[in-house]
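Below is one structure, written out as structure tokens; the observations come after it.
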Amino acid sequence: MNLFYKIITFRPSFGLRIVTGLVGIVLSLAICGIVGLTDMVAAQLKTNDEAFEGRLMEAGAKVYFEQCARCHGLQGKGADGAAPAISSIAFLGAQNTNPPTPSQRLKDIGWIGSLESYIEAVTTSGIPIKSSQAWEQNHPPFAQRFAGPLRDDQIKNVTKFVANWRLKPFTDGVVDAPKPGAGSGPQPTPMPLGPKENAGLEVFKGAGGCTACHAVRGVAAGAVGPTLNKLVSTAEKRVTQADYKAAGGKATDAAGYIRESIVAPNTYIVPDCPQGACPSGVMIQNLQQILKPEELENLIAYLMTLR
Ligand code: HEC
Ligand code: HEC
């Protein structure tokens, strides 16, 4: 009782009150400081992390454009006969839908691991046997331990880059892989070529020198100019485009467009080539002088079979 009484009647001296007050202020400032600092450090670590992720993504983009774009396309949309889309919703699923959409492709092939592990596996060792007749070539292995050009960290980065398309996957203009088994039968026999078209094919492969730059399934694998597999439908689309007309293009149908592409190649420069924006002035400029008139007509007849 005595002690309790002493405590409640305790009157500290003026000096002691000032000292305890100061100690209190210093302590609370110190606590604020510590809390503030840890927040700052956390925020800094987070931006460091993001910057680091960003750098890995950039490194992955570089690998993609150097190694993958020639077959899978600049936007990963795939190309007929060359490679399937790897930026499409069917392949990646989507994270910009609510709830996120899972990958249909992984479900179809029964892959139970993550999307990243699939991309990494295909890139590392390649697909030694074609999964379908839809593709001209087997998937090359990229890892150095499979005699490819890439280190494991580069494969991780390019995987990150590809998987990142999940945030906004493409839905149009994509060439998706066929369902397992669907593409394994023989391809429909191509239309047999008549004598004129056959002669044109010879010009395409020979005097015209077209195979150095253009790909056509089963005929050529050039990757400088656009793939010509579906040239006729491409041409039909191009002649209706505003940018084609603005460039001074005069053709109104596929045959006219194809002729113009050969005799006046600089009229309209196609925007996308396998390695990036199409270079202008690369198409041979004087084909009309190089080829005999009959060769030119046969060449056009052949190109009109690419549908
Ligand atoms: C020579 C052309 C070519 C190159 C270069 C290429 N690919 Fe492929 N890619 C293919 C083909 C063809 C397929 C389909 C193979 C099959 O299913 O048999 C494919 C399939 C894939 C698949 C699986 C797609 C699916 O639907 O199952 C992934 C993932 C992939 N490639 C990633 C890459 C990456 C990453 C690179 C670059 C490091 C790359 N590819 C470079 C031709 C290529
Ligand atoms: C040295 C490379 C090179 C050669 C050889 C070449 N081309 Fe091209 N070709 C290109 C490039 C690059 C483009 C896209 C730029 C442009 O529009 O001029 C193109 C565009 C085209 C287009 C337009 C395609 C489209 O999608 O609209 C056609 C058609 C074409 N070439 C046909 C031919 C034919 C036929 C030959 C052979 C007589 C040939 N090319 C030879 C590089 C070449």
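Chains: A, B, ... in order of the structure tokens. Residues: from 1 per chain. Ligands: from 1, in order shown.
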
Sort by chain and increasing residue number a table of all residues of chain A within 9 Å of ligand 1, each with its closest pair of atoms and their distance in Å to one decimal, counting only C-alpha atoms and all ligand atoms, and write it as CSV.
residue,atom,partner,partner_atom_place_in_ligand_line,distance
A:Val63,CA,ligand 1,38 (C),6.6
A:Tyr64,CA,ligand 1,37 (C),5.5
A:Phe65,CA,ligand 1,37 (C),8.1
A:Glu66,CA,ligand 1,37 (C),7.9
A:Gln67,CA,ligand 1,37 (C),4.7
A:Cys68,CA,ligand 1,37 (C),3.4
A:Ala69,CA,ligand 1,5 (C),6.9
A:Arg70,CA,ligand 1,5 (C),5.9
A:Cys71,CA,ligand 1,2 (C),4.3
A:His72,CA,ligand 1,7 (N),6.0
A:Gly78,CA,ligand 1,9 (N),8.5
A:Gly81,CA,ligand 1,12 (C),7.5
A:Ala82,CA,ligand 1,12 (C),5.4
A:Ala83,CA,ligand 1,11 (C),4.0
A:Pro84,CA,ligand 1,13 (C),5.7
A:Ala85,CA,ligand 1,26 (O),6.7
A:Ile86,CA,ligand 1,24 (C),5.8
A:Ala90,CA,ligand 1,26 (O),8.3
A:Phe91,CA,ligand 1,26 (O),5.7
A:Leu92,CA,ligand 1,26 (O),8.8
A:Arg105,CA,ligand 1,26 (O),6.2
A:Leu106,CA,ligand 1,27 (O),7.5
A:Ile109,CA,ligand 1,27 (O),8.0
A:Leu115,CA,ligand 1,29 (C),8.6
A:Glu116,CA,ligand 1,29 (C),8.6
A:Tyr118,CA,ligand 1,29 (C),6.5
A:Ile119,CA,ligand 1,29 (C),4.0
A:Glu120,CA,ligand 1,29 (C),7.2
A:Ala121,CA,ligand 1,29 (C),8.0
A:Val122,CA,ligand 1,28 (C),5.6
A:Thr123,CA,ligand 1,34 (C),5.2
A:Thr124,CA,ligand 1,38 (C),8.2
A:Gly126,CA,ligand 1,8 (Fe),7.7
A:Ile127,CA,ligand 1,18 (O),5.9
A:Pro128,CA,ligand 1,18 (O),7.8
A:Ile129,CA,ligand 1,18 (O),6.4
A:Lys130,CA,ligand 1,18 (O),3.6
A:Ser131,CA,ligand 1,18 (O),3.6
A:Ser132,CA,ligand 1,18 (O),5.5
A:Gln133,CA,ligand 1,18 (O),7.9
A:Ala134,CA,ligand 1,12 (C),8.0
A:Trp135,CA,ligand 1,12 (C),4.9
A:Glu136,CA,ligand 1,12 (C),6.6
A:Gln137,CA,ligand 1,12 (C),5.3
A:Asn138,CA,ligand 1,12 (C),5.3
A:His139,CA,ligand 1,10 (C),4.6
A:Pro140,CA,ligand 1,1 (C),6.2
A:Pro141,CA,ligand 1,38 (C),8.5
A:Phe142,CA,ligand 1,38 (C),6.3
A:Leu150,CA,ligand 1,38 (C),8.0
A:Gln154,CA,ligand 1,38 (C),8.8
A:Ile155,CA,ligand 1,38 (C),6.9
A:Val158,CA,ligand 1,35 (C),5.9
A:Thr159,CA,ligand 1,35 (C),6.1
A:Phe161,CA,ligand 1,35 (C),8.7
A:Val162,CA,ligand 1,35 (C),6.8
A:Asp176,CA,ligand 1,26 (O),6.6
A:Ala177,CA,ligand 1,26 (O),5.0
A:Pro178,CA,ligand 1,26 (O),8.1
A:Pro180,CA,ligand 1,17 (O),8.9

I want to know what sits within 8 Å of Leu74 (chain A), based on only C-alpha atoms, with residues of the same chain fewer than 6 positions away left out; could you give that as a short mmCIF file (atom, residue, chain, number, x, y, z; two decimals) with N, CA and C atoms, in the first residue's frame?
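Listed below is the output, result28.cif:
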data_model
loop_
_atom_site.label_atom_id
_atom_site.label_comp_id
_atom_site.auth_asym_id
_atom_site.auth_seq_id
_atom_site.Cartn_x
_atom_site.Cartn_y
_atom_site.Cartn_z
N PHE A 65 14.20 -12.58 -81.43
CA PHE A 65 14.29 -12.02 -82.78
C PHE A 65 15.45 -12.63 -83.56
N PRO A 274 9.98 -12.19 -92.83
CA PRO A 274 10.30 -13.10 -91.73
C PRO A 274 11.29 -12.53 -90.72
N GLN A 275 12.18 -11.65 -91.15
CA GLN A 275 13.19 -11.17 -90.21
C GLN A 275 12.90 -9.77 -89.69
N GLY A 276 11.73 -9.22 -90.00
CA GLY A 276 11.45 -7.87 -89.54
C GLY A 276 10.74 -7.11 -90.64
#

Checklist entry - Using only C-alpha atoms, which of the listed residues (A:Pro12, A:Gly173, A:Gly218, A:Gly194) sits closest to Thr234 (chain A)? => result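 Checking each candidate against Thr234 (chain A), we get A:Gly173 as the closest.
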
Next on the checklist: Please identify all protein, DNA and RNA residues within 6 Å of ligand 2, counting only C-alpha atoms and all ligand atoms, and report them as an MDAnalysis selection string.
Outcome noted: chainID A and resid 204 208:210 212:213 224:226 235 258 261:262 265:266 268:270 278:280 282:284

Please produce a file of the residues just selected, as a PDB file, in the first residue's frame, where the atoms kept are C-alpha atoms.
ATOM      1  CA  PHE A 204      10.840 -19.719-110.025  1.00  0.00           C
ATOM      2  CA  GLY A 208      14.162 -15.994-111.536  1.00  0.00           C
ATOM      3  CA  GLY A 209      16.316 -16.713-108.499  1.00  0.00           C
ATOM      4  CA  CYS A 210      13.205 -16.426-106.341  1.00  0.00           C
ATOM      5  CA  ALA A 212      16.966 -17.448-102.479  1.00  0.00           C
ATOM      6  CA  CYS A 213      14.568 -15.095-100.736  1.00  0.00           C
ATOM      7  CA  VAL A 224      14.351 -12.649 -96.837  1.00  0.00           C
ATOM      8  CA  GLY A 225      11.017 -11.860 -98.499  1.00  0.00           C
ATOM      9  CA  PRO A 226       7.490 -12.846 -97.465  1.00  0.00           C
ATOM     10  CA  ALA A 235      -2.718 -10.681-103.078  1.00  0.00           C
ATOM     11  CA  ILE A 258       1.532 -10.578-108.631  1.00  0.00           C
ATOM     12  CA  SER A 261       5.170  -7.244-107.567  1.00  0.00           C
ATOM     13  CA  ILE A 262       7.523  -8.711-110.155  1.00  0.00           C
ATOM     14  CA  PRO A 265       8.496  -4.294-107.117  1.00  0.00           C
ATOM     15  CA  ASN A 266       8.924  -0.888-105.495  1.00  0.00           C
ATOM     16  CA  TYR A 268       4.241  -1.318-102.778  1.00  0.00           C
ATOM     17  CA  ILE A 269       6.621  -2.524-100.087  1.00  0.00           C
ATOM     18  CA  VAL A 270       5.108  -5.345 -98.071  1.00  0.00           C
ATOM     19  CA  CYS A 278      10.610  -5.780 -95.326  1.00  0.00           C
ATOM     20  CA  PRO A 279      13.617  -4.083 -96.862  1.00  0.00           C
ATOM     21  CA  SER A 280      12.816  -2.003 -99.952  1.00  0.00           C
ATOM     22  CA  VAL A 282      15.804  -5.885-102.413  1.00  0.00           C
ATOM     23  CA  MET A 283      13.450  -7.584-104.886  1.00  0.00           C
ATOM     24  CA  ILE A 284      15.295  -7.832-108.170  1.00  0.00           C
TER      25      ILE A 284
END

Checklist entry - Which distance in Å separates CA of Leu29 (chain A) and CA of Arg11 (chain A), to one decimal? => result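 Between these atoms lies a distance of 26.6 Å.
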
Checklist entry - If you run DSSP on the backbone, which residues of region 44-77 of chain A are alpha helix (DSSP H), as a list in words? => result Gln44, Leu45, Lys46, Thr47, Asn48, Asp49, Glu50, Ala51, Phe52, Glu53, Gly54, Arg55, Leu56, Met57, Glu58, Ala59, Gly60, Ala61, Lys62, Val63, Ala69, Arg70, Cys71 and His72 of chain A

May I have the selected residues written with C-alpha atoms, as a tab-separated table (two decimals), in the first residue's frame?
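Written out: part.tsv:
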chain	number	residue	atom	x	y	z
A	44	GLN	CA	13.96	-0.23	-53.65
A	45	LEU	CA	14.32	-4.01	-53.72
A	46	LYS	CA	11.03	-4.23	-55.58
A	47	THR	CA	12.13	-1.74	-58.27
A	48	ASN	CA	15.47	-3.54	-58.46
A	49	ASP	CA	13.58	-6.79	-58.98
A	50	GLU	CA	11.41	-5.25	-61.64
A	51	ALA	CA	14.37	-3.73	-63.41
A	52	PHE	CA	16.12	-7.10	-63.28
A	53	GLU	CA	13.06	-8.91	-64.66
A	54	GLY	CA	12.86	-6.22	-67.34
A	55	ARG	CA	16.47	-6.80	-68.35
A	56	LEU	CA	15.93	-10.56	-68.56
A	57	MET	CA	12.86	-9.95	-70.72
A	58	GLU	CA	14.87	-7.69	-73.01
A	59	ALA	CA	17.61	-10.30	-73.28
A	60	GLY	CA	14.87	-12.85	-74.09
A	61	ALA	CA	13.44	-10.59	-76.80
A	62	LYS	CA	16.85	-10.35	-78.42
A	63	VAL	CA	17.17	-14.15	-78.47
A	69	ALA	CA	11.25	-15.07	-85.46
A	70	ARG	CA	12.38	-16.47	-88.82
A	71	CYS	CA	10.01	-19.42	-88.33
A	72	HIS	CA	7.49	-18.32	-85.68

Checklist entry - Out of region 112-236 of chain A, which residues get strand (DSSP E or B) from DSSP, as a list in words? => result Ile127, His139, Ala143, Leu150, Phe170, Ala215, Val216, Ala220 and Ala221 of chain A

Checklist entry - Using only C-alpha atoms, which of A:Gln95, A:Val216, A:Lys205, A:Gly21 sits nearest Pro169 (chain A)? => result A:Gln95

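Between Arg217 (chain A) and the candidates A:Lys292, A:Arg145, A:Arg307, A:Lys107, the tightest atom-to-atom separation, counting only C-alpha atoms, involves A:Arg307.
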
Item to check | Residue among A:Thr305, A:Gln75, A:Thr38, A:Gln144 lying closest to Val175 (chain A), counting only C-alpha atoms | outcome: A:Gln75

Item to check | Contacts of Ala220 (chain A) at 7 Å (only C-alpha atoms; same-chain gap of 5+ positions) as a list of chain:residue names | outcome: A:Thr211, A:His214, A:Ala215

Item to check | Pairwise distance for CA of Ser103 (chain A) and CA of Trp165 (chain A), rounded to one decimal in Å | outcome: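 Going from CA of Ser103 (chain A) over to CA of Trp165 (chain A) covers 12.4 Å.
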
Checklist entry - Do you have the CA of Asn198 (chain A)-CA of Leu296 (chain A) distance handy? => result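 Between CA of Asn198 (chain A) and CA of Leu296 (chain A) the gap is 12.7 Å.
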